[in-house]
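**Student:** Got a file for you: final09.txt, compact mmCIF, C-alpha atoms.
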```txt
# COMPACT_ATOMS: atom_id res chain seq x y z
CA MET T 1 68.67 -28.90 97.25
CA ILE T 2 65.19 -30.42 96.76
CA SER T 3 63.15 -28.53 99.36
CA LYS T 4 59.81 -28.10 97.60
CA ILE T 5 58.09 -30.58 95.28
CA LEU T 6 55.09 -29.87 93.06
CA VAL T 7 52.72 -32.80 92.64
CA PRO T 8 49.98 -32.19 90.06
CA THR T 9 47.02 -34.55 90.30
CA ASP T 10 43.91 -35.34 88.30
CA GLY T 11 42.93 -38.21 90.56
CA SER T 12 44.09 -40.86 88.06
CA ASN T 13 45.88 -44.02 89.14
CA ALA T 14 49.12 -42.72 87.68
CA ALA T 15 48.78 -39.44 89.59
CA GLN T 16 48.17 -41.34 92.82
CA LYS T 17 51.22 -43.50 92.17
CA ALA T 18 53.30 -40.38 91.50
CA ALA T 19 51.95 -38.78 94.69
CA ARG T 20 53.03 -41.77 96.80
CA TYR T 21 56.48 -41.62 95.21
CA ALA T 22 56.66 -37.86 95.86
CA VAL T 23 55.60 -38.11 99.50
CA ASP T 24 58.14 -40.89 100.13
CA LEU T 25 60.88 -38.78 98.56
CA ALA T 26 59.79 -35.61 100.38
CA LYS T 27 59.87 -37.47 103.68
CA LYS T 28 63.42 -38.69 103.07
CA LEU T 29 64.61 -35.25 101.94
CA LYS T 30 62.57 -33.30 104.54
CA ALA T 31 61.04 -31.39 101.64
CA SER T 32 57.53 -29.94 101.45
CA VAL T 33 54.85 -30.80 98.91
CA ILE T 34 52.42 -28.66 96.93
CA ALA T 35 49.44 -30.71 95.75
CA LEU T 36 48.09 -29.01 92.64
CA SER T 37 44.73 -29.84 91.15
CA VAL T 38 43.74 -28.01 87.98
CA ILE T 39 40.09 -27.72 87.01
CA ASP T 40 40.42 -28.23 83.29
CA ASN T 41 38.15 -25.49 82.00
CA ARG T 42 38.39 -26.84 78.48
CA SER T 43 36.05 -29.60 79.61
CA PHE T 44 33.08 -27.25 79.84
CA VAL T 45 34.07 -24.15 77.87
CA SER T 46 34.75 -26.09 74.70
CA GLN T 47 31.29 -27.55 74.70
CA THR T 48 29.39 -24.30 74.82
CA VAL T 49 28.89 -23.10 71.27
CA PRO T 50 28.01 -20.41 70.42
CA ALA T 51 29.66 -18.56 73.27
CA GLY T 52 26.98 -15.85 73.31
CA LYS T 53 24.29 -18.37 74.10
CA THR T 54 26.13 -20.01 76.99
CA SER T 55 23.63 -20.87 79.69
CA ARG T 56 25.16 -20.24 83.08
CA HIS T 57 22.58 -22.50 84.71
CA LEU T 58 23.95 -25.39 82.67
CA ILE T 59 27.63 -24.67 83.20
CA GLU T 60 27.63 -23.89 86.90
CA PRO T 61 26.71 -27.38 88.12
CA ILE T 62 29.48 -28.86 85.95
CA GLU T 63 31.95 -26.33 87.35
CA ASP T 64 30.86 -27.14 90.90
CA TYR T 65 31.23 -30.85 90.26
CA LEU T 66 34.71 -30.44 88.75
CA ARG T 67 35.80 -28.18 91.60
CA GLU T 68 34.69 -30.68 94.22
CA ALA T 69 36.50 -33.48 92.43
CA ALA T 70 39.67 -31.37 92.04
CA GLU T 71 39.63 -30.54 95.73
CA ALA T 72 39.12 -34.16 96.70
CA TYR T 73 42.17 -35.25 94.65
CA ALA T 74 44.39 -32.66 96.29
CA VAL T 75 43.04 -33.40 99.79
CA GLU T 76 43.96 -37.05 99.28
CA ILE T 77 47.61 -36.07 98.75
CA LYS T 78 47.51 -33.71 101.72
CA LYS T 79 46.28 -36.55 103.93
CA LEU T 80 49.12 -38.77 102.72
CA CYS T 81 51.57 -35.98 103.60
CA ASP T 82 50.06 -35.52 107.07
CA LYS T 83 50.34 -39.26 107.71
CA ASN T 84 54.02 -39.13 106.79
CA GLY T 85 54.89 -35.92 108.64
CA VAL T 86 55.51 -34.06 105.37
CA ARG T 87 54.59 -30.37 105.22
CA SER T 88 52.11 -29.70 102.44
CA LYS T 89 49.82 -27.17 100.83
CA ILE T 90 46.90 -27.46 98.43
CA VAL T 91 46.55 -25.30 95.35
CA ILE T 92 43.43 -25.42 93.14
CA THR T 93 43.35 -23.53 89.87
CA SER T 94 41.00 -23.35 86.92
CA GLY T 95 42.56 -23.28 83.48
CA HIS T 96 44.69 -25.36 81.16
CA PRO T 97 46.53 -28.14 83.05
CA VAL T 98 49.91 -27.75 81.30
CA GLU T 99 49.94 -23.95 81.62
CA ASP T 100 48.82 -24.02 85.24
CA ILE T 101 51.36 -26.66 86.30
CA VAL T 102 54.25 -24.73 84.79
CA LYS T 103 52.94 -21.41 86.17
CA GLU T 104 52.50 -22.79 89.70
CA ALA T 105 55.94 -24.42 89.61
CA ALA T 106 57.50 -21.04 88.83
CA ARG T 107 55.33 -19.08 91.26
CA ALA T 108 56.04 -21.38 94.20
CA LYS T 109 59.71 -21.77 93.23
CA VAL T 110 59.62 -25.57 93.50
CA ASN T 111 62.81 -27.56 92.83
CA LEU T 112 61.09 -30.54 91.27
CA ILE T 113 57.82 -31.57 89.61
CA ILE T 114 56.78 -35.20 90.13
CA MET T 115 53.97 -36.47 87.95
CA GLY T 116 52.50 -39.63 86.48
CA SER T 117 53.22 -40.61 82.91
CA HIS T 118 49.48 -40.70 82.16
CA GLY T 119 46.54 -38.70 83.43
CA LYS T 120 42.90 -39.59 83.41
CA SER T 121 42.20 -38.59 79.85
CA ALA T 122 45.19 -40.41 78.35
CA LEU T 123 44.66 -43.00 75.67
CA ALA T 124 45.69 -46.42 76.91
CA ALA T 125 48.01 -46.83 73.93
CA ALA T 126 49.90 -43.56 74.37
CA VAL T 127 53.34 -43.77 75.94
CA LEU T 128 52.86 -40.40 77.62
CA GLY T 129 49.68 -38.53 78.48
CA SER T 130 49.15 -35.14 76.87
CA VAL T 131 49.56 -33.14 80.10
CA THR T 132 52.84 -34.85 81.01
CA TYR T 133 54.00 -34.50 77.42
CA GLY T 134 53.09 -30.81 77.53
CA VAL T 135 54.94 -30.10 80.77
CA ILE T 136 58.09 -31.89 79.58
CA HIS T 137 58.08 -29.96 76.34
CA LYS T 138 57.56 -26.59 78.00
CA GLU T 139 60.59 -24.37 78.26
CA THR T 140 60.88 -24.57 82.03
CA LYS T 141 64.10 -24.86 83.97
CA ILE T 142 62.57 -27.03 86.68
CA PRO T 143 63.46 -30.74 86.71
CA VAL T 144 60.57 -33.13 86.08
CA LEU T 145 60.37 -36.66 87.47
CA ILE T 146 58.01 -38.95 85.58
CA VAL T 147 56.54 -41.93 87.42
CA ARG T 148 55.39 -44.62 85.00
CA ARG T 149 52.09 -46.40 85.18
CA GLY T 150 52.07 -50.13 85.60
CA MET M 1 62.96 -46.60 98.00
CA ILE M 2 65.51 -44.94 95.69
CA SER M 3 68.61 -47.04 96.29
CA LYS M 4 70.23 -47.13 92.84
CA ILE M 5 70.32 -44.32 90.28
CA LEU M 6 71.36 -44.64 86.64
CA VAL M 7 73.13 -41.58 85.24
CA PRO M 8 73.75 -41.75 81.48
CA THR M 9 76.34 -39.33 80.19
CA ASP M 10 77.67 -38.18 76.84
CA GLY M 11 79.92 -35.56 78.39
CA SER M 12 77.62 -32.68 77.43
CA ASN M 13 76.95 -29.75 79.74
CA ALA M 14 73.41 -30.99 80.36
CA ALA M 15 74.71 -34.46 81.28
CA GLN M 16 77.21 -32.94 83.70
CA LYS M 17 74.48 -30.86 85.28
CA ALA M 18 72.28 -33.95 85.60
CA ALA M 19 75.20 -35.86 87.13
CA ARG M 20 75.73 -33.21 89.81
CA TYR M 21 72.01 -33.31 90.58
CA ALA M 22 72.10 -37.11 90.75
CA VAL M 23 75.13 -37.27 93.04
CA ASP M 24 73.58 -34.70 95.41
CA LEU M 25 70.37 -36.70 95.54
CA ALA M 26 72.20 -40.02 95.94
CA LYS M 27 74.18 -38.58 98.83
CA LYS M 28 71.03 -37.44 100.62
CA LEU M 29 69.26 -40.76 100.02
CA LYS M 30 72.36 -42.91 100.62
CA ALA M 31 71.78 -44.41 97.19
CA SER M 32 74.43 -45.67 94.75
CA VAL M 33 75.09 -44.41 91.23
CA ILE M 34 75.76 -46.20 87.96
CA ALA M 35 77.51 -43.90 85.50
CA LEU M 36 76.67 -45.16 82.01
CA SER M 37 78.51 -44.01 78.92
CA VAL M 38 77.34 -45.40 75.59
CA ILE M 39 79.67 -45.42 72.62
CA ASP M 40 77.19 -44.47 69.93
CA ASN M 41 78.13 -46.92 67.22
CA ARG M 42 75.89 -45.15 64.73
CA SER M 43 78.54 -42.44 64.57
CA PHE M 44 80.98 -44.65 62.69
CA VAL M 45 78.88 -47.52 61.30
CA SER M 46 76.51 -45.20 59.48
CA GLN M 47 79.33 -43.57 57.58
CA THR M 48 80.80 -46.72 56.11
CA VAL M 49 79.04 -47.41 52.86
CA PRO M 50 79.12 -49.91 51.29
CA ALA M 51 79.42 -52.19 54.29
CA GLY M 52 81.48 -54.77 52.40
CA LYS M 53 84.20 -52.28 51.75
CA THR M 54 84.54 -51.09 55.36
CA SER M 55 88.18 -50.45 56.09
CA ARG M 56 88.99 -51.62 59.59
CA HIS M 57 92.08 -49.47 59.64
CA LEU M 58 89.90 -46.42 59.20
CA ILE M 59 87.25 -47.38 61.74
CA GLU M 60 89.42 -48.61 64.59
CA PRO M 61 91.03 -45.27 65.43
CA ILE M 62 87.56 -43.67 65.57
CA GLU M 63 86.32 -46.45 67.82
CA ASP M 64 89.34 -46.03 70.09
CA TYR M 65 88.81 -42.31 70.27
CA LEU M 66 85.11 -42.69 71.10
CA ARG M 67 85.86 -45.34 73.73
CA GLU M 68 88.40 -43.13 75.45
CA ALA M 69 86.00 -40.21 75.47
CA ALA M 70 83.16 -42.39 76.79
CA GLU M 71 85.37 -43.67 79.60
CA ALA M 72 86.49 -40.17 80.51
CA TYR M 73 82.87 -38.96 80.82
CA ALA M 74 81.97 -41.82 83.15
CA VAL M 75 85.16 -41.45 85.20
CA GLU M 76 84.27 -37.81 85.79
CA ILE M 77 80.99 -38.88 87.43
CA LYS M 78 82.75 -41.57 89.45
CA LYS M 79 85.17 -38.96 90.81
CA LEU M 80 82.26 -36.74 91.80
CA CYS M 81 80.72 -39.71 93.63
CA ASP M 82 83.98 -40.51 95.41
CA LYS M 83 84.28 -36.91 96.54
CA ASN M 84 80.78 -37.07 98.01
CA GLY M 85 81.06 -40.50 99.59
CA VAL M 86 78.55 -42.00 97.16
CA ARG M 87 79.05 -45.60 96.04
CA SER M 88 79.34 -45.82 92.26
CA LYS M 89 80.10 -48.03 89.31
CA ILE M 90 81.03 -47.34 85.71
CA VAL M 91 79.38 -49.11 82.78
CA ILE M 92 80.56 -48.58 79.20
CA THR M 93 78.60 -50.05 76.32
CA SER M 94 78.72 -49.77 72.56
CA GLY M 95 75.41 -49.48 70.75
CA HIS M 96 72.38 -47.26 70.44
CA PRO M 97 72.15 -44.79 73.37
CA VAL M 98 68.38 -45.10 73.96
CA GLU M 99 68.39 -48.90 73.77
CA ASP M 100 71.46 -49.23 75.99
CA ILE M 101 70.16 -46.85 78.66
CA VAL M 102 66.87 -48.70 78.96
CA LYS M 103 68.62 -52.09 78.86
CA GLU M 104 71.14 -51.16 81.57
CA ALA M 105 68.39 -49.66 83.75
CA ALA M 106 66.53 -52.97 83.65
CA ARG M 107 69.65 -55.12 84.05
CA ALA M 108 70.94 -53.23 87.08
CA LYS M 109 67.42 -52.85 88.54
CA VAL M 110 67.83 -49.14 89.17
CA ASN M 111 64.95 -47.22 90.78
CA LEU M 112 65.52 -43.99 88.89
CA ILE M 113 67.18 -42.63 85.74
CA ILE M 114 68.47 -39.06 85.97
CA MET M 115 69.47 -37.42 82.71
CA GLY M 116 69.88 -34.05 81.06
CA SER M 117 67.21 -32.67 78.78
CA HIS M 118 69.76 -32.34 75.96
CA GLY M 119 72.77 -34.35 74.94
CA LYS M 120 75.71 -33.31 72.89
CA SER M 121 74.10 -33.82 69.52
CA ALA M 122 70.89 -31.95 70.33
CA LEU M 123 69.82 -29.03 68.22
CA ALA M 124 69.86 -25.83 70.26
CA ALA M 125 66.25 -25.17 69.33
CA ALA M 126 64.86 -28.55 70.39
CA VAL M 127 63.06 -28.68 73.72
CA LEU M 128 64.32 -32.22 74.34
CA GLY M 129 67.30 -34.05 72.89
CA SER M 130 66.63 -37.19 70.89
CA VAL M 131 68.15 -39.59 73.45
CA THR M 132 66.15 -38.14 76.34
CA TYR M 133 63.06 -38.10 74.15
CA GLY M 134 63.70 -41.73 73.24
CA VAL M 135 64.14 -42.91 76.83
CA ILE M 136 60.97 -41.12 77.98
CA HIS M 137 58.96 -42.63 75.18
CA LYS M 138 60.23 -46.15 75.77
CA GLU M 139 57.85 -48.49 77.53
CA THR M 140 59.90 -48.79 80.71
CA LYS M 141 58.49 -48.87 84.22
CA ILE M 142 61.44 -46.97 85.70
CA PRO M 143 60.89 -43.33 86.71
CA VAL M 144 62.93 -40.77 84.77
CA LEU M 145 64.06 -37.43 86.18
CA ILE M 146 64.92 -34.83 83.54
CA VAL M 147 67.31 -32.04 84.50
CA ARG M 148 66.91 -29.02 82.22
CA ARG M 149 69.72 -27.18 80.58
CA GLY M 150 70.31 -23.53 81.33
```
Please express the file's structure as structure tokens.
**Tutor:**
Amino acid sequence: MISKILVPTDGSNAAQKAARYAVDLAKKLKASVIALSVIDNRSFVSQTVPAGKTSRHLIEPIEDYLREAAEAYAVEIKKLCDKNGVRSKIVITSGHPVEDIVKEAARAKVNLIIMGSHGKSALAAAVLGSVTYGVIHKETKIPVLIVRRG
Amino acid sequence: MISKILVPTDGSNAAQKAARYAVDLAKKLKASVIALSVIDNRSFVSQTVPAGKTSRHLIEPIEDYLREAAEAYAVEIKKLCDKNGVRSKIVITSGHPVEDIVKEAARAKVNLIIMGSHGKSALAAAVLGSVTYGVIHKETKIPVLIVRRG
């Protein structure tokens, strides 16, 4: 019944904790894992005003840096899967984290999304991070398992 | 790692769907299930104003009715567990659903809570029911798996 698990990551402690939980569960269920890392394009697009004057030479290095980081987060999960004999795949996208998580979950027909309660950008005081909050509140039919920080 | 799963139920379709999901998962993981049914005491206490004039002879039949219903919901999950060779236990409490779910999860030291996205009293338009919303937003360290309606 659970044969494919989506594990979004932003490299945060909570995401790493969720990834360990997901790999453990996948191992027990003989399920495969998709490690998804979304390059949050709001982090550079939103800071380029006015749009007409956007300097590509300023944005490209930021994009490259974010892409490298995103890949590294996903590779970390892939390594954990390899170590545990769990089949896995890496997906890197560039866009809005909530939208891309829900889109990838549908596209890959996963049976479960496992994610941390808080991502990197979450306020310490918030009970849920905005990406997790967003995914839970999306009209998706896919079950979501939230691993708490702590 | 997942050895004990808490499955709260209010008898709604979403709760039944979550229970089937939980029993399947418990079977695969050789985990046990606690079927929790909370008699929501707000449903009769809140309608007795003024408190001093509460007529016991009016409240008791409602309490009895709610208790019977609560037991029936939990028994249904226990039967499903028995059919699948999953060890299970029934817990019935009377109080506030969110508080009682979180309290029982801590008391029984479960590793996972599996619940439906919507309970019986949820508005059709809401993305999450108030009890599920409440449990997710509680400061608990226990992972929560939300099974969507539909």
**Student:** Excluding same-chain residues fewer than 2 positions from M:Ile5, what lies within 10 Å of it counting all atoms listed in the file, as a VMD selection string?
**Tutor:** chain M and resid 2 to 3 7 to 8 22 to 23 25 to 26 31 to 35 88 105 108 to 114 144
**Student:** Can you pull out the residues contacting T:Glu99? Cut-off 8 Å, using only C-alpha atoms, and skip same-chain residues under 4 positions away; I want them as an mmCIF file with C-alpha atoms, keeping the file's coordinate frame.
**Tutor:**
```cif
data_model
loop_
_atom_site.group_PDB
_atom_site.id
_atom_site.type_symbol
_atom_site.label_atom_id
_atom_site.label_comp_id
_atom_site.auth_asym_id
_atom_site.auth_seq_id
_atom_site.Cartn_x
_atom_site.Cartn_y
_atom_site.Cartn_z
ATOM 1 C CA GLY T 95 42.560 -23.280 83.480
ATOM 2 C CA LYS T 103 52.940 -21.410 86.170
ATOM 3 C CA VAL T 135 54.940 -30.100 80.770
#
```
**Student:** Would you give me, as a list in words, the residues of chain M that come within 8 Å of chain T, using all atoms listed in the file?
**Tutor:** Met1, Asp24, Lys28, Leu29, Val127, Leu128, His137, Lys138, Glu139, Thr140, Lys141, Ile142, Pro143, Val144, Leu145, Ile146, Val147, Arg148, Arg149 and Gly150 of chain M
**Student:** Take the residues just selected and output them with C-alpha atoms as a PDB file, in the frame of the given file.
**Tutor:**
```
ATOM      1  CA  MET M   1      62.960 -46.600  98.000  1.00  0.00           C
ATOM      2  CA  ASP M  24      73.580 -34.700  95.410  1.00  0.00           C
ATOM      3  CA  LYS M  28      71.030 -37.440 100.620  1.00  0.00           C
ATOM      4  CA  LEU M  29      69.260 -40.760 100.020  1.00  0.00           C
ATOM      5  CA  VAL M 127      63.060 -28.680  73.720  1.00  0.00           C
ATOM      6  CA  LEU M 128      64.320 -32.220  74.340  1.00  0.00           C
ATOM      7  CA  HIS M 137      58.960 -42.630  75.180  1.00  0.00           C
ATOM      8  CA  LYS M 138      60.230 -46.150  75.770  1.00  0.00           C
ATOM      9  CA  GLU M 139      57.850 -48.490  77.530  1.00  0.00           C
ATOM     10  CA  THR M 140      59.900 -48.790  80.710  1.00  0.00           C
ATOM     11  CA  LYS M 141      58.490 -48.870  84.220  1.00  0.00           C
ATOM     12  CA  ILE M 142      61.440 -46.970  85.700  1.00  0.00           C
ATOM     13  CA  PRO M 143      60.890 -43.330  86.710  1.00  0.00           C
ATOM     14  CA  VAL M 144      62.930 -40.770  84.770  1.00  0.00           C
ATOM     15  CA  LEU M 145      64.060 -37.430  86.180  1.00  0.00           C
ATOM     16  CA  ILE M 146      64.920 -34.830  83.540  1.00  0.00           C
ATOM     17  CA  VAL M 147      67.310 -32.040  84.500  1.00  0.00           C
ATOM     18  CA  ARG M 148      66.910 -29.020  82.220  1.00  0.00           C
ATOM     19  CA  ARG M 149      69.720 -27.180  80.580  1.00  0.00           C
ATOM     20  CA  GLY M 150      70.310 -23.530  81.330  1.00  0.00           C
TER      21      GLY M 150
END
```
**Student:** Residues within 12 Å of T:Glu68, please, as a ChimeraX atom specification. Count only C-alpha atoms; anything in the same chain fewer than 5 positions from it doesn't count.
**Tutor:** /T:10-11,37-39,61-63,73-75,92
**Student:** Quick check, in Å to one decimal: how far apart do atom CA of M:Lys17 and atom CA of M:Lys120 lie?
**Tutor:**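 The value is 12.7 Å.
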**Student:** To one decimal in Å, tell me the separation between atom CA of M:Arg67 and atom CA of M:Arg87.
**Tutor:**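 Between atom CA of M:Arg67 and atom CA of M:Arg87 the gap is 23.3 Å.
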**Student:** Quote the spacing between atom CA of T:Tyr65 and atom CA of T:Asp82 in Å to one decimal place.
**Tutor:** 25.7 Å
**Student:** Let me make sure I understand: among M:Lys79, M:Ile90, M:Ser130, M:Ala70, which one has the smallest atom-to-atom distance to M:Asp40 if we use only C-alpha atoms?
**Tutor:** M:Ala70
